[in-house]
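Visitor: Quick one: structure below, then a few questions.
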Amino acid sequence: MSKTLREIMTTDCAVVTLKDNIFEAAVKMKQEDTGFIPVVDGRKLIGVLTDRDLVVRGYAEKHSGSTAISEVMSGRVVSVGPETTVDEAAKVMAKEQIRRLPVVENGELIGIVSIGDLAVRDKFEDEAGQALSQISEKTHS
């Protein structure tokens with residue numbers, strides 16, 4: 001039987017809120033050594049912020065560091081529940097071409113799963129595995 005995300009997800013996630021600005025988010029990304037931070041309102045997941053969002057929608061558009069996160073974050077969030085299997089998560093990530101997947105229960109962020117978590121902790125089906133490797137190739141080329 002395939003593992004569920006509850007078993008492998010990272011639960012100690014750095015987060016930002018709409019009260020933070022893009023400079024504060026960039027500093028948190030540096031401190032946490034991550035390029036992805038969920039945006040929450042309390043514990044409710046309302047968006048995600050990537051290093052690419054900061055560059056493309058933020059600094060490249062000449063926004064200052066004091067710009068609100070809401071100006072640059074991705075409001076369309078793909079997320080799954082904690083009982084999602086590793087295989088199912090791999091398929092979602094492949095279909096959506098994403099490297100990190102927030103895990104949400106009752107609308108609240110409870111964890112994050114990355115491609116690395118899936119690759120290290122379980123074997124996924126060939127189709128999903130191939131698609132995930134294509135995501136990695138696209139983002140590194």
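Ligands are numbered from 1 in the order shown, chains are lettered A, B, ... in the order of the structure tokens, and residues start at 1 in each chain.
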With DSSP run on the backbone, what are the helix (DSSP H, G or I) residues within chain A? I'd like them as a ChimeraX atom specification.

Guide: /A:5-8,22-32,51-61,69-71,86-96,115-121,126-140

Visitor: Name the residues of chain A that come out as strand (DSSP E) in a backbone DSSP run; write them as a PyMOL selection string.

Guide: chain A and resi 16-17+36-41+44-50+100-105+108-114

Visitor: Between A:Ser70, A:Val15, A:Gly65, A:Leu118, which is the closest to A:Glu88 once you count only C-alpha atoms?

Guide: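 Answer, going by the shortest atom-to-atom distance: A:Leu118.
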
Visitor: May I ask for the distance between atom CA of A:His63 and atom CA of A:Phe23, given in Å to one decimal place?

Guide: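 Rounded to one decimal, the two atoms are 10.2 Å apart.
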
Visitor: With only C-alpha atoms as the basis for distance, which of A:Pro82, A:Gly75, A:Thr67, A:Arg57 is at the shortest distance from A:Val40?

Guide: A:Gly75

Visitor: Pick out the closest residue to A:Ile46 from this set: A:Val80, A:Leu5, A:Leu109, A:Ala25. Count only C-alpha atoms.

Guide: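 Comparing A:Val80, A:Leu5, A:Leu109, A:Ala25 against A:Ile46, the winner is A:Leu109.
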